[in-house]
file start-v9.cif (mmCIF, C-alpha atoms)
data_protein
loop_
_atom_site.label_atom_id
_atom_site.label_comp_id
_atom_site.auth_asym_id
_atom_site.auth_seq_id
_atom_site.Cartn_x
_atom_site.Cartn_y
_atom_site.Cartn_z
CA MET A 1147 -161.40 -77.73 24.51
CA GLY A 1148 -163.52 -76.89 27.56
CA ASN A 1149 -162.44 -73.24 27.51
CA LYS A 1150 -163.46 -72.92 23.89
CA ILE A 1151 -166.95 -74.22 24.71
CA VAL A 1152 -167.34 -71.75 27.54
CA VAL A 1153 -166.22 -68.90 25.30
CA ALA A 1154 -168.58 -70.01 22.55
CA VAL A 1155 -171.51 -70.23 24.93
CA GLY A 1156 -170.71 -66.80 26.39
CA ALA A 1157 -170.47 -65.28 22.93
CA LEU A 1158 -173.79 -66.88 21.99
CA VAL A 1159 -175.44 -65.45 25.09
CA VAL A 1160 -174.06 -61.97 24.38
CA LEU A 1161 -175.11 -62.21 20.74
CA LEU A 1162 -178.59 -63.35 21.77
CA SER A 1163 -178.96 -60.48 24.28
CA MET A 1164 -177.93 -58.02 21.57
CA SER A 1165 -180.59 -59.53 19.29
CA VAL A 1166 -183.50 -58.94 21.71
CA PHE A 1167 -185.15 -55.74 22.91
CA THR A 1168 -188.31 -55.10 24.92
CA VAL A 1169 -190.98 -52.42 24.63
CA THR A 1170 -193.18 -51.57 27.65
CA GLU A 1171 -196.73 -50.21 27.70
CA THR A 1172 -195.40 -46.68 28.27
CA GLU A 1173 -192.91 -46.69 25.39
CA ARG A 1174 -192.86 -46.22 21.63
CA ALA A 1175 -189.94 -47.65 19.64
CA ILE A 1176 -188.27 -47.17 16.25
CA LYS A 1177 -185.96 -49.76 14.70
CA PHE A 1178 -183.20 -48.59 12.37
CA ARG A 1179 -181.11 -50.44 9.86
CA LEU A 1180 -177.83 -48.69 9.35
CA GLY A 1181 -179.50 -45.36 10.25
CA GLU A 1182 -182.62 -45.93 8.13
CA ILE A 1183 -186.02 -46.37 9.79
CA VAL A 1184 -187.36 -49.84 9.01
CA ALA A 1185 -190.06 -50.41 11.67
CA VAL A 1186 -192.15 -48.38 14.12
CA ASP A 1187 -195.00 -48.80 16.58
CA PHE A 1188 -193.96 -52.05 18.19
CA LYS A 1189 -196.47 -53.66 20.50
CA PRO A 1190 -195.46 -54.11 24.15
CA GLY A 1191 -193.35 -57.24 24.57
CA ILE A 1192 -190.14 -58.85 23.32
CA HIS A 1193 -188.83 -58.13 19.81
CA PHE A 1194 -185.77 -59.08 17.81
CA LYS A 1195 -183.10 -57.20 15.86
CA ILE A 1196 -179.89 -57.98 14.01
CA PRO A 1197 -176.88 -56.99 16.09
CA PHE A 1198 -174.59 -54.29 14.67
CA ILE A 1199 -177.06 -53.70 11.82
CA ASN A 1200 -180.24 -52.75 13.65
CA ASN A 1201 -180.48 -50.29 16.53
CA VAL A 1202 -183.56 -49.21 18.47
CA LYS A 1203 -184.63 -45.88 19.97
CA LYS A 1204 -187.41 -45.68 22.54
CA PHE A 1205 -189.67 -42.76 23.41
CA ASP A 1206 -192.09 -42.03 26.26
CA SER A 1207 -195.67 -42.59 25.10
CA ARG A 1208 -197.30 -41.14 28.21
CA ILE A 1209 -198.93 -37.71 28.40
CA LEU A 1210 -196.29 -35.02 28.80
CA THR A 1211 -196.67 -31.52 30.18
CA MET A 1212 -195.18 -28.38 28.71
CA ASP A 1213 -195.38 -25.54 31.25
CA SER A 1214 -194.95 -22.31 29.28
CA THR A 1215 -193.31 -19.25 30.73
CA PRO A 1216 -195.76 -16.33 31.23
CA GLU A 1217 -195.86 -14.04 28.22
CA ARG A 1218 -197.59 -10.79 27.21
CA PHE A 1219 -200.25 -10.70 24.53
CA LEU A 1220 -202.22 -7.80 23.04
CA THR A 1221 -206.00 -7.76 23.31
CA ALA A 1222 -208.50 -6.30 20.85
CA GLU A 1223 -208.28 -2.87 22.53
CA LYS A 1224 -204.46 -3.00 22.30
CA LYS A 1225 -203.93 -3.69 25.99
CA ASN A 1226 -201.30 -6.07 27.32
CA VAL A 1227 -202.22 -9.13 29.38
CA ILE A 1228 -199.79 -11.58 30.96
CA VAL A 1229 -200.83 -15.18 30.31
CA ASP A 1230 -199.56 -18.26 32.16
CA SER A 1231 -200.53 -21.57 30.55
CA PHE A 1232 -199.62 -25.21 30.10
CA VAL A 1233 -200.11 -27.86 27.41
CA LYS A 1234 -200.71 -31.59 27.74
CA TRP A 1235 -199.43 -33.61 24.77
CA ARG A 1236 -198.26 -37.04 23.73
CA ILE A 1237 -196.45 -38.58 20.79
CA ALA A 1238 -198.99 -39.46 18.11
CA ASP A 1239 -196.68 -40.58 15.27
CA VAL A 1240 -193.27 -41.68 16.52
CA LYS A 1241 -191.72 -41.67 13.04
CA THR A 1242 -192.87 -38.10 12.31
CA PHE A 1243 -191.79 -37.03 15.78
CA TYR A 1244 -188.31 -38.41 15.17
CA THR A 1245 -187.89 -36.91 11.73
CA SER A 1246 -189.26 -33.47 12.70
CA VAL A 1247 -187.54 -32.84 16.06
CA GLY A 1248 -184.99 -35.66 16.17
CA GLY A 1249 -186.99 -37.46 18.83
CA ASP A 1250 -185.93 -34.84 21.37
CA ILE A 1251 -188.65 -34.02 23.97
CA ASN A 1252 -187.10 -30.64 24.76
CA GLN A 1253 -186.95 -29.73 21.09
CA GLY A 1254 -190.57 -30.81 20.74
CA ASN A 1255 -191.53 -28.52 23.64
CA ILE A 1256 -189.72 -25.60 22.03
CA ARG A 1257 -191.47 -26.07 18.68
CA LEU A 1258 -194.83 -26.66 20.34
CA ASP A 1259 -194.42 -23.61 22.59
CA GLN A 1260 -193.98 -21.37 19.56
CA ILE A 1261 -197.10 -22.79 17.90
CA ILE A 1262 -199.15 -22.35 21.10
CA LYS A 1263 -198.04 -18.76 21.60
CA ASP A 1264 -198.88 -17.86 18.00
CA SER A 1265 -202.37 -19.27 18.55
CA PHE A 1266 -202.71 -17.39 21.85
CA ARG A 1267 -201.68 -14.19 20.10
CA SER A 1268 -204.33 -14.72 17.43
CA GLU A 1269 -207.15 -15.58 19.86
CA PHE A 1270 -206.42 -12.80 22.35
CA SER A 1271 -206.28 -10.19 19.61
CA LYS A 1272 -209.96 -10.97 18.88
CA ARG A 1273 -211.14 -10.42 22.47
CA GLU A 1274 -211.26 -7.55 24.89
CA ILE A 1275 -209.91 -7.73 28.45
CA LYS A 1276 -213.45 -7.88 29.85
CA GLN A 1277 -214.20 -10.96 27.76
CA LEU A 1278 -210.97 -12.68 28.75
CA VAL A 1279 -211.56 -12.08 32.46
CA SER A 1280 -215.30 -12.72 32.71
CA THR A 1281 -216.22 -15.23 30.01
CA ASP A 1282 -215.84 -19.00 30.17
CA ARG A 1283 -212.31 -19.99 29.28
CA SER A 1284 -213.50 -23.24 27.76
CA ALA A 1285 -214.26 -21.32 24.55
CA ILE A 1286 -210.64 -20.16 24.37
CA ARG A 1287 -209.45 -23.69 25.17
CA GLU A 1288 -211.51 -25.26 22.39
CA ALA A 1289 -210.33 -22.64 19.88
CA LEU A 1290 -206.68 -23.18 20.82
CA ILE A 1291 -206.91 -26.97 20.53
CA THR A 1292 -208.65 -26.67 17.16
CA ASN A 1293 -206.10 -24.20 15.81
CA VAL A 1294 -202.96 -25.87 17.18
CA SER A 1295 -203.73 -29.55 16.52
CA PRO A 1296 -203.06 -29.53 12.73
CA TYR A 1297 -199.63 -27.92 13.22
CA ALA A 1298 -198.79 -30.22 16.13
CA LEU A 1299 -199.62 -33.31 14.06
CA LYS A 1300 -196.95 -32.24 11.58
CA LEU A 1301 -194.50 -32.73 14.46
CA GLY A 1302 -196.01 -36.12 15.30
CA ILE A 1303 -197.63 -34.64 18.42
CA ASN A 1304 -201.21 -35.01 19.61
CA ILE A 1305 -202.56 -32.11 21.72
CA VAL A 1306 -204.47 -33.49 24.71
CA ASP A 1307 -205.29 -30.25 26.49
CA VAL A 1308 -204.45 -26.54 26.61
CA GLN A 1309 -205.22 -24.64 29.79
CA VAL A 1310 -204.81 -21.03 30.86
CA LYS A 1311 -203.65 -21.03 34.47
CA ARG A 1312 -203.78 -17.30 35.01
CA ILE A 1313 -204.41 -14.05 33.17
CA ASP A 1314 -202.82 -11.06 34.84
CA LEU A 1315 -202.95 -7.39 33.96
CA PRO A 1316 -199.84 -5.22 33.99
CA ASN A 1317 -199.85 -2.55 36.68
CA GLU A 1318 -200.42 0.22 34.18
CA VAL A 1319 -203.54 -1.51 32.88
CA SER A 1320 -204.98 -2.91 36.12
CA SER A 1321 -206.05 0.40 37.65
CA SER A 1322 -207.91 1.64 34.57
CA VAL A 1323 -209.62 -1.73 34.04
CA TYR A 1324 -210.69 -1.95 37.67
CA GLN A 1325 -212.01 1.62 37.56
CA ARG A 1326 -214.12 0.81 34.50
CA MET A 1327 -215.38 -2.39 36.11
CA GLU A 1328 -216.18 -0.51 39.33
CA ALA A 1329 -218.06 2.17 37.40
CA GLU A 1330 -220.02 -0.50 35.53
CA ARG A 1331 -220.92 -2.32 38.76
CA ALA A 1332 -221.94 0.99 40.35
CA ARG A 1333 -224.21 1.74 37.38
CA VAL A 1334 -225.85 -1.67 37.64
CA ALA A 1335 -226.28 -1.18 41.40
CA ARG A 1336 -227.95 2.21 40.86
CA GLU A 1337 -230.26 0.67 38.30
CA PHE A 1338 -231.25 -2.11 40.71
CA ARG A 1339 -231.82 0.42 43.51
CA SER A 1340 -233.99 2.53 41.21
CA GLN A 1341 -236.04 -0.49 40.21
CA GLY A 1342 -236.35 -1.50 43.86
CA SER A 1343 -237.50 1.99 44.91
CA GLU A 1344 -240.08 2.02 42.12
CA ALA A 1345 -241.37 -1.41 43.13
CA ALA A 1346 -241.46 -0.34 46.81
CA GLU A 1347 -243.51 2.78 46.01
CA ARG A 1348 -245.89 0.74 43.90
CA ILE A 1349 -246.33 -1.84 46.67
CA ARG A 1350 -246.72 0.90 49.29
CA ALA A 1351 -249.36 2.72 47.23
CA ASP A 1352 -251.26 -0.51 46.66
CA ALA A 1353 -251.07 -1.30 50.39
CA ASP A 1354 -252.41 2.19 51.28
CA LYS A 1355 -255.23 1.72 48.78
CA GLN A 1356 -256.13 -1.66 50.22
CA ARG A 1357 -256.00 -0.19 53.74
CA GLU A 1358 -258.44 2.57 52.84
CA ILE A 1359 -260.76 0.07 51.16
CA ILE A 1360 -260.66 -2.24 54.20
CA LEU A 1361 -261.31 0.66 56.63
CA ALA A 1362 -264.17 1.96 54.48
CA ASN A 1363 -265.76 -1.48 54.28
CA ALA A 1364 -265.31 -1.98 58.02
CA TYR A 1365 -266.88 1.41 58.81
CA ARG A 1366 -269.79 0.63 56.49
CA ASP A 1367 -270.32 -2.76 58.10
CA SER A 1368 -270.05 -1.25 61.62
CA GLU A 1369 -272.64 1.42 60.81
CA VAL A 1370 -274.97 -1.22 59.44
CA LEU A 1371 -274.52 -3.33 62.56
CA ARG A 1372 -274.91 -0.28 64.82
CA GLY A 1373 -278.13 0.69 63.05
CA GLU A 1374 -279.46 -2.83 63.36
CA GLY A 1375 -278.51 -2.87 67.05
CA ASP A 1376 -280.17 0.50 67.68
CA ALA A 1377 -283.27 -0.72 65.92
CA GLN A 1378 -283.35 -3.87 68.04
CA ALA A 1379 -282.76 -1.83 71.24
CA ALA A 1380 -285.55 0.57 70.32
CA ASP A 1381 -287.82 -2.35 69.60
CA ILE A 1382 -286.95 -3.94 72.97
CA PHE A 1383 -287.53 -0.63 74.78
CA ALA A 1384 -290.84 -0.18 73.03
CA LYS A 1385 -291.98 -3.67 73.97
CA ALA A 1386 -290.83 -3.20 77.55
CA TYR A 1387 -292.65 0.13 77.81
CA SER A 1388 -295.82 -1.38 76.45
CA GLU A 1389 -295.66 -4.16 79.04
CA ASP A 1390 -295.41 -1.85 82.12
CA SER A 1391 -295.07 1.86 81.43
CA ASP A 1392 -294.83 2.81 85.15
CA PHE A 1393 -291.96 0.44 85.87
CA TYR A 1394 -290.18 1.49 82.67
CA ALA A 1395 -290.47 5.15 83.69
CA PHE A 1396 -289.16 4.30 87.17
CA TYR A 1397 -286.22 2.31 85.73
CA ARG A 1398 -285.25 5.10 83.36
CA SER A 1399 -285.38 7.61 86.19
CA MET A 1400 -283.12 5.42 88.35
CA ILE A 1401 -280.56 5.31 85.55
CA ALA A 1402 -280.77 9.08 85.19
CA TYR A 1403 -280.32 9.57 88.97
CA LYS A 1404 -277.28 7.31 88.95
CA GLN A 1405 -275.64 9.12 86.04
CA SER A 1406 -276.44 12.59 87.37
CA LEU A 1407 -276.05 12.27 91.13
CA GLY A 1408 -273.57 9.46 91.43
CA LYS A 1409 -270.50 11.64 90.73
CA SER A 1410 -268.99 14.26 93.03
CA GLY A 1411 -268.90 17.86 91.89
CA ASN A 1412 -272.08 17.72 89.82
CA ILE A 1413 -274.31 20.81 90.13
CA MET A 1414 -277.89 20.79 88.95
CA VAL A 1415 -280.23 23.77 89.00
CA LEU A 1416 -283.81 22.46 88.98
CA GLU A 1417 -287.06 23.35 90.61
CA PRO A 1418 -287.90 21.02 93.49
CA ASP A 1419 -291.26 20.19 92.04
CA SER A 1420 -289.89 19.32 88.58
CA ASP A 1421 -290.71 15.95 87.04
CA PHE A 1422 -287.07 14.85 87.46
CA PHE A 1423 -287.57 14.50 91.25
CA LYS A 1424 -291.07 13.10 91.14
CA PHE A 1425 -289.89 9.72 92.55
CA PHE A 1426 -288.38 11.50 95.58
CA LYS A 1427 -291.78 12.75 96.57
CA HIS A 1428 -293.88 10.83 99.06
CA GLN A 1429 -296.54 8.96 97.25
CA LYS A 1430 -299.40 7.23 98.88
#

call {"tool": "encode", "arguments": {"input": "start-v9.cif", "output": "structure tokens"}}
result
Amino acid sequence: MGNKIVVAVGALVVLLSMSVFTVTETERAIKFRLGEIVAVDFKPGIHFKIPFINNVKKFDSRILTMDSTPERFLTAEKKNVIVDSFVKWRIADVKTFYTSVGGDINQGNIRLDQIIKDSFRSEFSKREIKQLVSTDRSAIREALITNVSPYALKLGINIVDVQVKRIDLPNEVSSSVYQRMEAERARVAREFRSQGSEAAERIRADADKQREIILANAYRDSEVLRGEGDAQAADIFAKAYSEDSDFYAFYRSMIAYKQSLGKSGNIMVLEPDSDFFKFFKHQK
């Protein structure tokens, strides 16, 4: 009797464990009844099922990454570029995801990869290499998300982000593109140098003009000051002469003697009785 109770309790425990399943915050679950979907989108926690009739499949609800293999795409000028990209996605509708790709993450990546590459092919065919290399890639990103999202939703997938990691040029294209870019940069540099030379000549000419104006004004002012100084000197001399003409004549003669006789090598041919030597004569 005791063994039967133990067996019954054990069977009840096993049956109860088969009747309970849990869903975490990072999972999405589907409950089936004999292979038919009967419930989806369970909240995190403990849930119940009928053993042997219901079975449950769980899926990762976190953001997943699909890292695409680099592939060649044609640009608007029919040049090849090698694009390396990745996609961030998550399951949006678990029922649609299960029915479209069997709930297989790898199969979802394969289907999504084909959709992404078709969108890349369409977007790159509208742009030239120069635009792809130099422009902001956010425009391409927004266009890809907008174009891909409706198709991804049909797979039960929500596109979180699409990013281009690298855009490379094949060897046969790189040299010609770089030569064109170098020629364009050289043209812009020549234009800047020409504008700089023109501005420098204009500044130099204006500086020369200002210099001439300043020198002319300075010469004018100096002549005015010199004239005023000469006038004042003449006035002072005239007043001094009027005060004592004999002393003024003597003072002027002393200055003349100093300037004429005070240097070696000077030769003067004058008559001894000329007025220049009158102060050398004995006067009573």

call {"tool": "closest_residue", "arguments": {"input": "start-v9.cif", "among": "A:Ser1343, A:Thr1172, A:Asn1226, A:Thr1242", "to": "Leu1278 in chain A", "atoms": "all atoms listed in the file"}}
result
A:Asn1226

call {"tool": "atom_distance", "arguments": {"input": "start-v9.cif", "atom1": "CA of Phe1205 in chain A", "atom2": "CA of Lys1263 in chain A"}}
result
25.5 Å

call {"tool": "residues_around", "arguments": {"input": "start-v9.cif", "residues": "range 1298-1309 of chain A", "least_positions_apart": "2", "cutoff": "7 Å", "atoms": "only C-alpha atoms", "output": "PDB file with C-alpha atoms, in the frame of the given file"}}
result
ATOM      1  CA  SER A1231    -200.530 -21.570  30.550  1.00  0.00           C
ATOM      2  CA  PHE A1232    -199.620 -25.210  30.100  1.00  0.00           C
ATOM      3  CA  VAL A1233    -200.110 -27.860  27.410  1.00  0.00           C
ATOM      4  CA  LYS A1234    -200.710 -31.590  27.740  1.00  0.00           C
ATOM      5  CA  TRP A1235    -199.430 -33.610  24.770  1.00  0.00           C
ATOM      6  CA  ARG A1236    -198.260 -37.040  23.730  1.00  0.00           C
ATOM      7  CA  ILE A1237    -196.450 -38.580  20.790  1.00  0.00           C
ATOM      8  CA  ALA A1238    -198.990 -39.460  18.110  1.00  0.00           C
ATOM      9  CA  ASP A1239    -196.680 -40.580  15.270  1.00  0.00           C
ATOM     10  CA  VAL A1240    -193.270 -41.680  16.520  1.00  0.00           C
ATOM     11  CA  THR A1242    -192.870 -38.100  12.310  1.00  0.00           C
ATOM     12  CA  PHE A1243    -191.790 -37.030  15.780  1.00  0.00           C
ATOM     13  CA  SER A1246    -189.260 -33.470  12.700  1.00  0.00           C
ATOM     14  CA  LEU A1258    -194.830 -26.660  20.340  1.00  0.00           C
ATOM     15  CA  ARG A1287    -209.450 -23.690  25.170  1.00  0.00           C
ATOM     16  CA  ILE A1291    -206.910 -26.970  20.530  1.00  0.00           C
ATOM     17  CA  VAL A1294    -202.960 -25.870  17.180  1.00  0.00           C
ATOM     18  CA  SER A1295    -203.730 -29.550  16.520  1.00  0.00           C
ATOM     19  CA  PRO A1296    -203.060 -29.530  12.730  1.00  0.00           C
ATOM     20  CA  LYS A1311    -203.650 -21.030  34.470  1.00  0.00           C
TER      21      LYS A1311
END

call {"tool": "axis_aligned_box", "arguments": {"input": "start-v9.cif", "around": "range 1206-1211 of chain A", "padding_each_side": "4 Å", "output": "lines of an AutoDock Vina configuration file"}}
result
center_x = -195.5
center_y = -37.1
center_z = 27.6
size_x = 14.8
size_y = 19.1
size_z = 13.1

call {"tool": "resolve_selection", "arguments": {"input": "start-v9.cif", "expression": "the PyMOL selection byres ((chain A and resi 1179-1181) around 8)", "output": "PDB file with C-alpha atoms, in the frame of the given file"}}
result
ATOM      1  CA  LYS A1177    -185.960 -49.760  14.700  1.00  0.00           C
ATOM      2  CA  PHE A1178    -183.200 -48.590  12.370  1.00  0.00           C
ATOM      3  CA  GLU A1182    -182.620 -45.930   8.130  1.00  0.00           C
ATOM      4  CA  ILE A1183    -186.020 -46.370   9.790  1.00  0.00           C
ATOM      5  CA  VAL A1184    -187.360 -49.840   9.010  1.00  0.00           C
ATOM      6  CA  ILE A1199    -177.060 -53.700  11.820  1.00  0.00           C
ATOM      7  CA  ASN A1200    -180.240 -52.750  13.650  1.00  0.00           C
ATOM      8  CA  ASN A1201    -180.480 -50.290  16.530  1.00  0.00           C
TER       9      ASN A1201
END

call {"tool": "resolve_selection", "arguments": {"input": "start-v9.cif", "expression": "the PyMOL selection byres ((chain A and resi 1227) around 6)", "output": "list in words"}}
result
Arg1218, Phe1219, Asn1226, Ile1228, Asp1314 and Leu1315 of chain A

call {"tool": "resolve_selection", "arguments": {"input": "start-v9.cif", "expression": "the PyMOL selection byres ((chain A and resi 1193-1197) around 10)", "output": "ChimeraX atom specification"}}
result
/A:1161-1169,1177-1179,1188-1192,1198-1202

call {"tool": "atom_distance", "arguments": {"input": "start-v9.cif", "atom1": "CA of Glu1358 in chain A", "atom2": "CA of Val1370 in chain A"}}
result
18.2 Å

call {"tool": "atom_distance", "arguments": {"input": "start-v9.cif", "atom1": "CA of Phe1266 in chain A", "atom2": "CA of Tyr1244 in chain A"}}
result
26.3 Å

call {"tool": "closest_residue", "arguments": {"input": "start-v9.cif", "among": "A:Leu1290, A:Ala1185, A:Ala1377, A:Ala1175", "to": "Gly1249 in chain A", "atoms": "all atoms listed in the file"}}
result
A:Ala1175
